[in-house]
>>> print(open('protein_35.txt').read())   # compact mmCIF, C-alpha atoms
# COMPACT_ATOMS: atom_id res chain seq x y z
CA MET A 1 -3.07 32.58 10.87
CA GLN A 2 -3.14 29.71 8.40
CA HIS A 3 -4.16 26.24 9.56
CA ARG A 4 -1.14 23.93 9.17
CA ILE A 5 -1.85 20.51 7.68
CA VAL A 6 1.05 18.06 7.48
CA VAL A 7 0.71 14.81 5.53
CA LEU A 8 3.27 12.09 6.25
CA GLY A 9 3.94 9.74 3.35
CA ALA A 10 3.19 10.17 -0.35
CA GLY A 11 2.06 6.74 -1.40
CA TYR A 12 -1.38 6.16 -2.89
CA THR A 13 -3.12 7.38 0.25
CA GLY A 14 -0.94 10.30 1.37
CA ALA A 15 -0.63 11.83 -2.09
CA SER A 16 -4.36 11.41 -2.72
CA ALA A 17 -5.25 13.03 0.61
CA ALA A 18 -2.93 15.99 0.04
CA GLY A 19 -4.32 16.64 -3.42
CA ARG A 20 -7.91 16.33 -2.29
CA LEU A 21 -7.34 18.73 0.60
CA ALA A 22 -5.84 21.23 -1.84
CA LYS A 23 -9.02 20.97 -3.88
CA ARG A 24 -11.33 21.36 -0.89
CA LEU A 25 -9.70 24.22 1.05
CA HIS A 26 -8.87 27.82 0.20
CA ARG A 27 -5.15 28.42 -0.17
CA GLU A 28 -5.19 31.59 1.89
CA ASP A 29 -6.53 29.68 4.88
CA VAL A 30 -4.29 26.59 5.03
CA THR A 31 -0.82 25.33 4.35
CA ILE A 32 -0.49 21.72 3.18
CA THR A 33 2.94 20.12 3.57
CA LEU A 34 3.51 16.66 2.12
CA VAL A 35 6.52 14.87 3.63
CA ASN A 36 8.12 12.03 1.69
CA ALA A 37 11.59 10.54 1.48
CA GLU A 38 11.55 10.05 -2.31
CA PRO A 39 11.01 12.70 -4.99
CA ASP A 40 8.61 10.70 -7.14
CA PHE A 41 5.56 8.50 -6.74
CA VAL A 42 6.10 4.76 -6.43
CA GLU A 43 3.49 2.47 -7.99
CA ARG A 44 3.71 -0.14 -5.28
CA VAL A 45 1.23 -2.44 -7.01
CA ARG A 46 3.73 -2.82 -9.85
CA MET A 47 6.82 -3.80 -7.89
CA HIS A 48 6.69 -7.35 -9.25
CA GLN A 49 6.94 -5.86 -12.74
CA LEU A 50 9.92 -3.72 -11.75
CA ALA A 51 11.60 -6.78 -10.26
CA VAL A 52 11.59 -8.68 -13.57
CA GLY A 53 13.13 -5.83 -15.54
CA GLN A 54 10.19 -3.76 -16.71
CA ASP A 55 10.69 0.00 -16.53
CA LEU A 56 7.98 2.06 -14.89
CA LYS A 57 7.03 5.62 -15.77
CA LEU A 58 8.56 8.22 -13.49
CA ARG A 59 6.01 10.47 -11.78
CA PRO A 60 7.87 13.35 -10.05
CA PHE A 61 5.94 14.99 -7.23
CA SER A 62 7.29 18.37 -8.36
CA GLU A 63 5.21 17.98 -11.52
CA MET A 64 2.23 16.29 -9.90
CA PHE A 65 1.66 19.03 -7.35
CA ALA A 66 2.80 22.02 -9.41
CA GLY A 67 0.36 24.88 -8.94
CA THR A 68 -1.78 23.05 -6.37
CA GLY A 69 -0.53 24.80 -3.25
CA VAL A 70 0.84 21.55 -1.81
CA GLU A 71 4.39 22.02 -0.54
CA LEU A 72 6.61 18.94 -0.91
CA LYS A 73 9.14 18.32 1.84
CA LEU A 74 11.72 15.72 0.81
CA ALA A 75 12.67 14.22 4.15
CA LYS A 76 12.56 11.05 6.23
CA VAL A 77 10.19 11.04 9.19
CA THR A 78 12.02 10.02 12.37
CA GLY A 79 9.40 10.71 15.02
CA VAL A 80 6.02 12.19 15.90
CA ASP A 81 5.17 13.98 19.15
CA VAL A 82 1.37 14.10 19.26
CA ASP A 83 1.33 16.04 22.53
CA ARG A 84 3.52 18.85 21.22
CA LYS A 85 2.05 18.52 17.70
CA THR A 86 5.41 18.21 16.01
CA VAL A 87 7.03 15.87 13.49
CA ALA A 88 10.76 15.19 13.53
CA VAL A 89 12.31 14.83 10.08
CA VAL A 90 15.77 14.56 8.53
CA ASP A 91 16.56 15.94 5.09
CA ALA A 92 19.69 16.90 3.15
CA ASN A 93 20.21 19.86 5.46
CA GLY A 94 19.91 17.91 8.70
CA ALA A 95 17.25 17.40 11.36
CA GLU A 96 14.32 19.72 12.03
CA GLU A 97 10.82 19.79 13.46
CA LEU A 98 7.58 20.57 11.65
CA GLU A 99 4.64 21.92 13.59
CA TYR A 100 1.09 21.00 12.66
CA ASP A 101 -2.49 21.79 13.55
CA THR A 102 -3.81 18.72 11.71
CA LEU A 103 -1.69 15.66 10.94
CA VAL A 104 -2.49 13.05 8.30
CA TYR A 105 -0.46 9.93 9.03
CA ALA A 106 0.05 7.85 5.88
CA LEU A 107 3.44 6.20 6.40
CA GLY A 108 1.98 2.85 5.38
CA SER A 109 3.78 -0.45 5.69
CA GLY A 110 6.76 -2.49 4.60
CA TRP A 111 7.51 -6.15 4.24
CA ASN A 112 6.87 -8.50 7.13
CA ASN A 113 9.39 -11.30 7.63
CA GLN A 114 7.14 -12.77 10.34
CA GLY A 115 10.25 -13.35 12.48
CA VAL A 116 11.18 -16.42 10.43
CA PRO A 117 14.88 -17.25 10.92
CA GLY A 118 17.10 -16.36 7.97
CA THR A 119 14.51 -14.24 6.17
CA ALA A 120 16.19 -10.89 6.79
CA GLU A 121 19.57 -12.27 5.70
CA HIS A 122 18.61 -14.35 2.69
CA ALA A 123 15.18 -13.37 1.32
CA HIS A 124 14.19 -10.60 -1.08
CA GLU A 125 11.15 -8.35 -0.66
CA ILE A 126 9.09 -6.45 -3.20
CA ALA A 127 7.10 -4.23 -0.83
CA SER A 128 9.40 -1.31 -1.72
CA ARG A 129 11.17 0.04 -4.78
CA PRO A 130 14.68 -0.54 -3.36
CA GLY A 131 13.69 -4.14 -2.58
CA ALA A 132 12.29 -4.70 -6.07
CA LEU A 133 15.43 -3.25 -7.64
CA ARG A 134 17.66 -5.52 -5.57
CA LEU A 135 15.63 -8.52 -6.67
CA ARG A 136 15.79 -7.30 -10.27
CA GLU A 137 19.57 -7.24 -10.12
CA ARG A 138 19.71 -10.70 -8.53
CA LEU A 139 17.33 -12.29 -11.03
CA ALA A 140 19.33 -10.86 -13.93
CA ARG A 141 22.39 -12.79 -12.70
CA LEU A 142 20.63 -16.16 -12.50
CA ASP A 143 21.50 -18.86 -15.00
CA ALA A 144 18.88 -20.98 -16.72
CA GLY A 145 17.39 -23.74 -14.62
CA GLN A 146 18.07 -22.14 -11.25
CA PRO A 147 15.22 -22.26 -8.72
CA VAL A 148 13.34 -19.18 -7.50
CA VAL A 149 11.04 -19.76 -4.53
CA VAL A 150 8.22 -17.31 -3.83
CA VAL A 151 7.00 -17.68 -0.25
CA GLY A 152 3.40 -16.61 0.34
CA GLY A 153 0.19 -17.52 -1.45
CA GLY A 154 -1.59 -14.16 -1.16
CA LEU A 155 -2.13 -11.62 -3.93
CA THR A 156 1.49 -10.40 -3.92
CA GLY A 157 2.86 -13.93 -4.03
CA LEU A 158 0.63 -14.95 -6.92
CA GLU A 159 1.57 -11.87 -8.91
CA ALA A 160 5.28 -12.25 -8.20
CA ALA A 161 5.42 -15.94 -9.11
CA THR A 162 3.55 -15.56 -12.39
CA GLU A 163 5.44 -12.41 -13.41
CA ILE A 164 8.81 -14.08 -12.83
CA ALA A 165 7.76 -17.28 -14.59
CA GLU A 166 6.47 -15.39 -17.63
CA ALA A 167 9.49 -13.06 -17.88
CA ARG A 168 12.04 -15.83 -17.22
CA PRO A 169 10.66 -19.13 -18.55
CA ASP A 170 14.18 -20.54 -18.27
CA LEU A 171 14.01 -20.45 -14.46
CA ASP A 172 12.43 -23.02 -12.15
CA VAL A 173 9.77 -20.97 -10.33
CA VAL A 174 8.24 -22.41 -7.16
CA LEU A 175 5.46 -21.09 -4.92
CA ALA A 176 5.27 -22.16 -1.26
CA ALA A 177 1.86 -21.39 0.27
CA ARG A 178 0.75 -21.85 3.87
CA GLY A 179 -2.73 -22.87 2.67
CA GLY A 180 -4.16 -24.18 -0.56
CA LEU A 181 -3.50 -22.37 -3.83
CA GLY A 182 -6.04 -19.56 -4.04
CA ASP A 183 -8.17 -21.23 -1.39
CA TRP A 184 -10.07 -17.98 -0.70
CA LEU A 185 -11.20 -17.68 -4.34
CA SER A 186 -14.36 -18.96 -5.97
CA PRO A 187 -14.23 -22.36 -7.73
CA LYS A 188 -13.93 -20.57 -11.09
CA GLY A 189 -11.12 -18.40 -9.75
CA ARG A 190 -9.20 -21.36 -8.31
CA GLU A 191 -9.58 -23.33 -11.52
CA HIS A 192 -8.22 -20.48 -13.62
CA LEU A 193 -5.35 -19.89 -11.22
CA ARG A 194 -4.27 -23.53 -11.42
CA LYS A 195 -4.56 -23.44 -15.20
CA VAL A 196 -2.27 -20.41 -15.46
CA PHE A 197 0.26 -21.82 -13.00
CA ALA A 198 0.41 -25.08 -14.96
CA LYS A 199 0.81 -23.20 -18.25
CA LEU A 200 3.71 -21.20 -16.83
CA GLY A 201 5.33 -24.30 -15.32
CA ILE A 202 5.19 -23.07 -11.72
CA THR A 203 5.60 -25.76 -9.08
CA VAL A 204 3.29 -25.26 -6.10
CA HIS A 205 3.85 -26.52 -2.56
CA GLU A 206 0.51 -26.20 -0.78
CA HIS A 207 0.04 -26.28 2.98
CA ALA A 208 3.76 -25.64 3.27
CA ALA A 209 4.49 -23.14 6.03
CA VAL A 210 8.09 -21.96 5.66
CA THR A 211 9.91 -21.96 9.00
CA GLY A 212 13.43 -21.14 7.88
CA VAL A 213 15.29 -19.47 5.02
CA GLU A 214 18.88 -20.35 4.12
CA ALA A 215 21.18 -19.15 1.38
CA ASP A 216 20.24 -21.97 -0.97
CA ARG A 217 16.91 -23.33 0.29
CA VAL A 218 13.82 -22.80 2.39
CA VAL A 219 12.66 -25.24 5.03
CA THR A 220 9.00 -26.01 5.74
CA ALA A 221 7.28 -26.96 8.99
CA ASP A 222 7.25 -30.64 8.05
CA GLY A 223 11.02 -30.63 7.52
CA LYS A 224 10.99 -30.47 3.73
CA ALA A 225 13.85 -28.54 2.09
CA ILE A 226 13.01 -26.68 -1.12
CA PRO A 227 16.06 -25.59 -3.16
CA ALA A 228 16.23 -21.85 -3.78
CA ALA A 229 18.88 -19.82 -5.58
CA VAL A 230 16.64 -16.84 -4.79
CA THR A 231 13.88 -16.57 -2.20
CA VAL A 232 11.15 -13.92 -2.57
CA TRP A 233 9.23 -13.27 0.66
CA THR A 234 5.62 -12.09 0.26
CA THR A 235 3.82 -13.15 3.44
CA GLY A 236 2.14 -9.87 4.27
CA PHE A 237 2.98 -6.37 5.45
CA ALA A 238 4.20 -4.80 8.67
CA VAL A 239 3.06 -1.33 9.72
CA HIS A 240 5.64 1.47 9.91
CA PRO A 241 6.86 1.45 13.55
CA ILE A 242 6.70 5.18 14.31
CA ALA A 243 3.04 5.26 15.37
CA GLN A 244 3.61 2.61 18.01
CA ALA A 245 6.28 4.81 19.59
CA THR A 246 3.83 7.68 20.10
CA ALA A 247 1.01 8.33 22.57
CA LEU A 248 -1.54 7.47 19.88
CA GLU A 249 -3.90 4.59 20.58
CA VAL A 250 -2.82 1.72 18.33
CA ALA A 251 -4.02 -1.81 17.72
CA GLY A 252 -1.88 -4.88 18.31
CA ALA A 253 -0.16 -4.68 14.91
CA GLY A 254 0.69 -1.00 15.41
CA GLN A 255 -2.11 0.49 13.32
CA ILE A 256 -3.66 3.72 14.59
CA VAL A 257 -7.21 3.19 15.86
CA VAL A 258 -9.57 5.57 14.07
CA ASP A 259 -13.28 6.37 13.86
CA GLY A 260 -15.39 6.36 10.72
CA THR A 261 -13.85 9.63 9.51
CA MET A 262 -10.30 8.25 9.89
CA ARG A 263 -9.67 10.44 12.94
CA SER A 264 -7.61 9.04 15.81
CA VAL A 265 -9.82 8.02 18.71
CA SER A 266 -7.20 9.28 21.16
CA HIS A 267 -5.90 12.43 19.42
CA PRO A 268 -8.55 14.22 17.34
CA ASP A 269 -6.03 16.38 15.49
CA VAL A 270 -4.48 13.25 13.93
CA TYR A 271 -5.95 11.29 11.03
CA ALA A 272 -4.59 7.94 9.86
CA ILE A 273 -5.19 6.43 6.44
CA GLY A 274 -4.24 3.38 4.41
CA ASP A 275 -2.18 0.59 5.93
CA ALA A 276 -1.38 2.81 8.93
CA ALA A 277 -5.00 2.81 10.13
CA MET A 278 -7.12 0.22 11.90
CA VAL A 279 -10.33 0.76 9.95
CA MET A 280 -13.47 -1.27 10.54
CA GLY A 281 -15.39 -2.22 7.41
CA PRO A 282 -18.60 -4.14 6.72
CA GLY A 283 -19.43 -6.84 9.24
CA ASP A 284 -17.24 -5.00 11.76
CA LYS A 285 -14.17 -6.58 10.15
CA PRO A 286 -10.86 -4.69 9.82
CA LEU A 287 -10.03 -3.65 6.28
CA ARG A 288 -7.02 -5.49 4.88
CA MET A 289 -3.84 -3.67 3.95
CA SER A 290 -4.22 -2.88 0.27
CA CYS A 291 -4.58 -0.10 -2.28
CA ALA A 292 -8.26 -1.01 -2.56
CA SER A 293 -8.70 -0.21 1.13
CA GLY A 294 -6.33 2.72 1.34
CA THR A 295 -7.54 5.13 -1.33
CA PRO A 296 -11.13 5.36 -0.01
CA THR A 297 -9.77 6.07 3.48
CA ALA A 298 -7.70 8.94 2.04
CA TRP A 299 -10.80 10.47 0.46
CA GLN A 300 -12.76 10.00 3.67
CA ALA A 301 -10.11 11.68 5.80
CA ALA A 302 -9.57 14.61 3.44
CA ASP A 303 -13.29 15.30 3.18
CA ALA A 304 -13.72 15.01 6.95
CA ILE A 305 -10.89 17.45 7.65
CA ALA A 306 -12.29 19.92 5.13
CA ALA A 307 -15.78 19.58 6.59
CA ARG A 308 -14.65 20.13 10.15
CA LEU A 309 -12.58 23.18 9.23
CA THR A 310 -15.25 24.81 7.07
CA GLY A 311 -18.40 23.83 8.94
CA GLY A 312 -19.53 21.48 6.20
CA LYS A 313 -21.25 18.12 6.37
CA LEU A 314 -19.12 15.17 7.47
CA PRO A 315 -18.72 12.39 4.90
CA ASN A 316 -20.55 9.16 5.54
CA VAL A 317 -19.43 6.96 2.68
CA PRO A 318 -19.40 3.24 3.54
CA LEU A 319 -16.04 1.58 3.02
CA ARG A 320 -16.48 -1.72 1.23
CA TYR A 321 -14.94 -4.08 -1.32
CA PHE A 322 -16.08 -4.92 -4.84
CA ASN A 323 -13.40 -7.19 -6.29
CA GLN A 324 -9.86 -8.46 -5.98
CA CYS A 325 -7.73 -7.70 -9.06
CA ILE A 326 -4.84 -10.10 -9.67
CA SER A 327 -2.36 -9.86 -12.54
CA LEU A 328 -0.95 -13.21 -13.62
CA GLY A 329 1.83 -11.98 -15.86
CA ARG A 330 1.16 -9.52 -18.67
CA LYS A 331 -1.25 -11.71 -20.63
CA GLU A 332 -3.43 -13.28 -17.95
CA GLY A 333 -5.44 -11.96 -15.04
CA LEU A 334 -8.11 -12.80 -12.52
CA ILE A 335 -10.82 -10.47 -11.23
CA GLN A 336 -12.55 -12.12 -8.29
CA TYR A 337 -15.80 -10.40 -7.37
CA VAL A 338 -16.45 -10.26 -3.64
CA THR A 339 -19.02 -9.27 -1.06
CA ALA A 340 -18.80 -5.95 0.77
CA ASP A 341 -16.70 -7.63 3.48
CA ASP A 342 -14.29 -9.21 0.95
CA ARG A 343 -15.63 -12.77 0.66
CA ALA A 344 -15.52 -14.36 -2.79
CA VAL A 345 -18.74 -14.86 -4.74
CA ARG A 346 -19.18 -17.22 -7.68
CA ALA A 347 -18.58 -14.60 -10.36
CA ALA A 348 -15.03 -14.04 -11.65
CA LEU A 349 -13.49 -12.54 -14.77
CA THR A 350 -10.52 -14.44 -16.17
CA GLY A 351 -8.03 -14.44 -19.02
CA ARG A 352 -6.99 -11.61 -21.29
CA PHE A 353 -9.98 -9.40 -20.45
CA ALA A 354 -9.08 -9.70 -16.76
CA ALA A 355 -5.48 -8.68 -17.53
CA VAL A 356 -6.73 -5.59 -19.36
CA TYR A 357 -9.13 -4.80 -16.50
CA LYS A 358 -6.31 -5.02 -13.94
CA GLU A 359 -4.07 -2.83 -16.06
CA LEU A 360 -6.79 -0.18 -16.29
CA ILE A 361 -7.24 -0.30 -12.51
CA CYS A 362 -3.48 0.21 -11.98
CA LYS A 363 -3.33 3.05 -14.49
CA GLY A 364 -6.42 4.65 -12.99
CA ALA A 365 -4.96 4.54 -9.48
CA ALA A 366 -1.72 6.13 -10.65
CA TRP A 367 -3.59 8.74 -12.70
CA GLY A 368 -5.65 9.67 -9.67
CA VAL A 369 -2.49 10.30 -7.67
CA ALA A 370 -0.69 12.09 -10.51
CA ASN A 371 -3.70 14.34 -11.05
CA PRO A 372 -4.86 14.92 -7.49
CA THR A 373 -6.87 18.04 -8.21
CA LEU A 374 -8.48 16.89 -11.46
CA GLY A 375 -11.55 14.77 -11.96
CA MET A 376 -13.55 16.39 -9.15
CA PRO A 377 -15.35 19.74 -8.97
CA SER A 378 -13.55 22.70 -7.44
CA ARG A 379 -15.09 23.39 -4.04
CA ARG A 380 -12.46 25.39 -2.21
CA ARG A 381 -14.20 26.59 0.91
CA ARG A 382 -13.05 29.16 3.44
CA VAL A 383 -11.95 27.94 6.84
CA VAL A 384 -14.09 29.05 9.77
CA ARG A 385 -11.64 31.01 11.90
CA GLU A 386 -12.93 29.72 15.22
CA ARG A 387 -12.49 26.18 14.02
CA ALA A 388 -9.01 26.79 12.68
CA GLN A 389 -7.92 28.33 15.96
CA ALA A 390 -9.31 25.38 17.90
CA GLY A 391 -7.59 22.93 15.56
CA SER A 392 -9.20 19.91 13.92
CA ALA A 393 -10.49 18.63 17.26
CA VAL A 394 -13.85 20.30 16.60
>>> encode(input="protein_35.txt", output="structure tokens")
Amino acid sequence: MQHRIVVLGAGYTGASAAGRLAKRLHREDVTITLVNAEPDFVERVRMHQLAVGQDLKLRPFSEMFAGTGVELKLAKVTGVDVDRKTVAVVDANGAEELEYDTLVYALGSGWNNQGVPGTAEHAHEIASRPGALRLRERLARLDAGQPVVVVGGGLTGLEAATEIAEARPDLDVVLAARGGLGDWLSPKGREHLRKVFAKLGITVHEHAAVTGVEADRVVTADGKAIPAAVTVWTTGFAVHPIAQATALEVAGAGQIVVDGTMRSVSHPDVYAIGDAAMVMGPGDKPLRMSCASGTPTAWQAADAIAARLTGGKLPNVPLRYFNQCISLGRKEGLIQYVTADDRAVRAALTGRFAAVYKELICKGAAWGVANPTLGMPSRRRRVVRERAQAGSAV
């Protein structure tokens, strides 16, 4: 009997894990089902580009996984029963259940409105393709001189503000940040960031925590009202809620608690990767939600599953950071080099070379997903029958 592996979510992590498993395991021994609601891969790190009117290359999963042995199931996940080892999904034909022996949970995250009043009603998000397309339509209707307020001074906020300002220099782009502008960067990084913001004419409100969003303005903690024809909310991500509704052990934010191989500490037949997982990195600090964190966890999980099923050696690759890549429009960028636990060091790459570097990183990430079984040696190993019968708990 074939060992049934079900992967939930086909973002950077889920698609990478499915493809890597297909490369590691013999097709006669396993079935790999990849469940995703959309038929093509979404480059989430480019949603700010989509929002300003740039068209992104379509990457259909039917082409990406052709001939790999990965079966694509176009469906929305509605529930997971980790005791019965089933996943509830809904597709065009209605509701059904999928049974698994090993589950890879990669449903990721969406935007986080932080519970701020008015955000859900009046703000736009770019954590998803539908959200980016809605913002794209709204921005296209704006007249010259109208204000666009980007709330959030993290990587997504910086990229959104600069992309909008570069694409629409006729608009009044404003960034509202809870802290100082780029206050986590090195002095060189902060200096370059301020230079680019000034060049693009972006107004910055520092130490301005937004406590309310209205149809035509945002309100800060000190009572200041900032006019906004459009508000873009980029204050972090919220984990998909399904895991928290299961018997899986989760952390406070709803992330699945895993060990060093990305295996659930409470249910050994479940692996969690990417934003869905509470992963401890260097210095015993949780990895932040990001593509930089997620892809290595996908590799770690896939290799661990393959090792446990085939009797191979478990992976022991340390998860760490090297840099933070920030696009500042199409012509400028900032590569902030960091310590293993994500703290900025003095070195930073700026300007046009940094923009090219970031573009190569984005293209490389998408290529890796679009070519999941290329770029690594073929090592399809046979599953040890006793292990397959016992499930991935071995």
>>> residues_around(input="protein_35.txt", residues="Met47 in chain A", least_positions_apart="4", cutoff="12 Å", atoms="all atoms listed in the file", output="JSON, numbers by chain")
{"A": [42, 43, 51, 52, 53, 54, 55, 56, 125, 126, 127, 128, 129, 130, 131, 132, 133, 134, 135, 136, 156, 157, 159, 160, 163, 164, 234, 327, 362]}
>>> atom_distance(input="protein_35.txt", atom1="CA of Asp101 in chain A", atom2="CA of His3 in chain A")
6.2 Å
>>> closest_residue(input="protein_35.txt", among="A:Asn371, A:Thr78, A:Gln336, A:Ser186", to="Val35 in chain A", atoms="all atoms listed in the file")
A:Thr78
>>> residues_around(input="protein_35.txt", residues="Glu99 in chain A", least_positions_apart="4", cutoff="12 Å", atoms="all atoms listed in the file", output="list in words")
His3, Arg4, Ile5, Val6, Val7, Thr31, Ile32, Thr33, Val80, Asp81, Val82, Asp83, Arg84, Lys85, Thr86, Val87, Ala88, Val89 and Leu103 of chain A
>>> residues_around(input="protein_35.txt", residues="Ala123 in chain A", least_positions_apart="4", cutoff="10 Å", atoms="only C-alpha atoms", output="ChimeraX atom specification")
/A:113,118-119,135,149-151,213-215,218,228,230-234
>>> closest_residue(input="protein_35.txt", among="A:Ile256, A:Ala340, A:Ala120, A:Ala304", to="Pro318 in chain A", atoms="all atoms listed in the file")
A:Ala340
>>> closest_residue(input="protein_35.txt", among="A:Thr13, A:Arg380, A:Ala198, A:Ala177", to="Gln300 in chain A", atoms="all atoms listed in the file")
A:Thr13
>>> closest_residue(input="protein_35.txt", among="A:Thr220, A:Thr261, A:Asn112, A:Thr339", to="Ala302 in chain A", atoms="only C-alpha atoms")
A:Thr261
>>> residues_around(input="protein_35.txt", residues="Leu175 in chain A", least_positions_apart="6", cutoff="9 Å", atoms="only C-alpha atoms", output="list of chain:residue names")
A:Val148, A:Val149, A:Val150, A:Val151, A:Gly152, A:Gly153, A:Gly157, A:Leu158, A:Ala161, A:Ile202, A:Thr203, A:Val204, A:His205, A:Glu206
>>> atom_distance(input="protein_35.txt", atom1="CA of Val250 in chain A", atom2="CA of Gly281 in chain A")
17.1 Å
>>> closest_residue(input="protein_35.txt", among="A:Gly9, A:Gly79, A:Gly351, A:Gly283", to="Lys188 in chain A", atoms="only C-alpha atoms")
A:Gly351
>>> atom_distance(input="protein_35.txt", atom1="CA of Leu34 in chain A", atom2="CA of Pro268 in chain A")
19.6 Å
>>> residues_around(input="protein_35.txt", residues="Ile273 in chain A", least_positions_apart="3", cutoff="7 Å", atoms="all atoms listed in the file", output="list in words")
Thr13, Tyr105, Ala106, Met262, Ala276, Ala277, Gly294, Thr297 and Ala298 of chain A
>>> write_last_selection(input="protein_35.txt", atoms="C-alpha atoms", output="PDB file, keeping the file's coordinate frame")
ATOM      1  CA  THR A  13      -3.120   7.380   0.250  1.00  0.00           C
ATOM      2  CA  TYR A 105      -0.460   9.930   9.030  1.00  0.00           C
ATOM      3  CA  ALA A 106       0.050   7.850   5.880  1.00  0.00           C
ATOM      4  CA  MET A 262     -10.300   8.250   9.890  1.00  0.00           C
ATOM      5  CA  ALA A 276      -1.380   2.810   8.930  1.00  0.00           C
ATOM      6  CA  ALA A 277      -5.000   2.810  10.130  1.00  0.00           C
ATOM      7  CA  GLY A 294      -6.330   2.720   1.340  1.00  0.00           C
ATOM      8  CA  THR A 297      -9.770   6.070   3.480  1.00  0.00           C
ATOM      9  CA  ALA A 298      -7.700   8.940   2.040  1.00  0.00           C
TER      10      ALA A 298
END
>>> decode(input="protein_35.txt", residues="range 281-299 of chain A", atoms="C-alpha atoms", output="PDB file, in the first residue's frame")
ATOM      1  CA  GLY A 281      16.244  29.710  15.093  1.00  0.00           C
ATOM      2  CA  PRO A 282      19.651  30.892  16.314  1.00  0.00           C
ATOM      3  CA  GLY A 283      19.697  32.291  19.832  1.00  0.00           C
ATOM      4  CA  ASP A 284      16.509  30.325  20.543  1.00  0.00           C
ATOM      5  CA  LYS A 285      14.511  33.060  18.800  1.00  0.00           C
ATOM      6  CA  PRO A 286      11.426  32.276  16.684  1.00  0.00           C
ATOM      7  CA  LEU A 287      11.956  32.725  12.963  1.00  0.00           C
ATOM      8  CA  ARG A 288       9.956  35.616  11.543  1.00  0.00           C
ATOM      9  CA  MET A 289       7.224  35.066   8.974  1.00  0.00           C
ATOM     10  CA  SER A 290       8.953  35.489   5.632  1.00  0.00           C
ATOM     11  CA  CYS A 291       9.994  33.729   2.442  1.00  0.00           C
ATOM     12  CA  ALA A 292      13.557  33.729   3.765  1.00  0.00           C
ATOM     13  CA  SER A 293      12.416  31.656   6.744  1.00  0.00           C
ATOM     14  CA  GLY A 294       9.869  29.512   4.965  1.00  0.00           C
ATOM     15  CA  THR A 295      11.774  27.923   2.101  1.00  0.00           C
ATOM     16  CA  PRO A 296      14.503  26.371   4.299  1.00  0.00           C
ATOM     17  CA  THR A 297      11.809  24.900   6.562  1.00  0.00           C
ATOM     18  CA  ALA A 298      10.189  23.284   3.494  1.00  0.00           C
ATOM     19  CA  TRP A 299      13.484  21.655   2.531  1.00  0.00           C
TER      20      TRP A 299
END
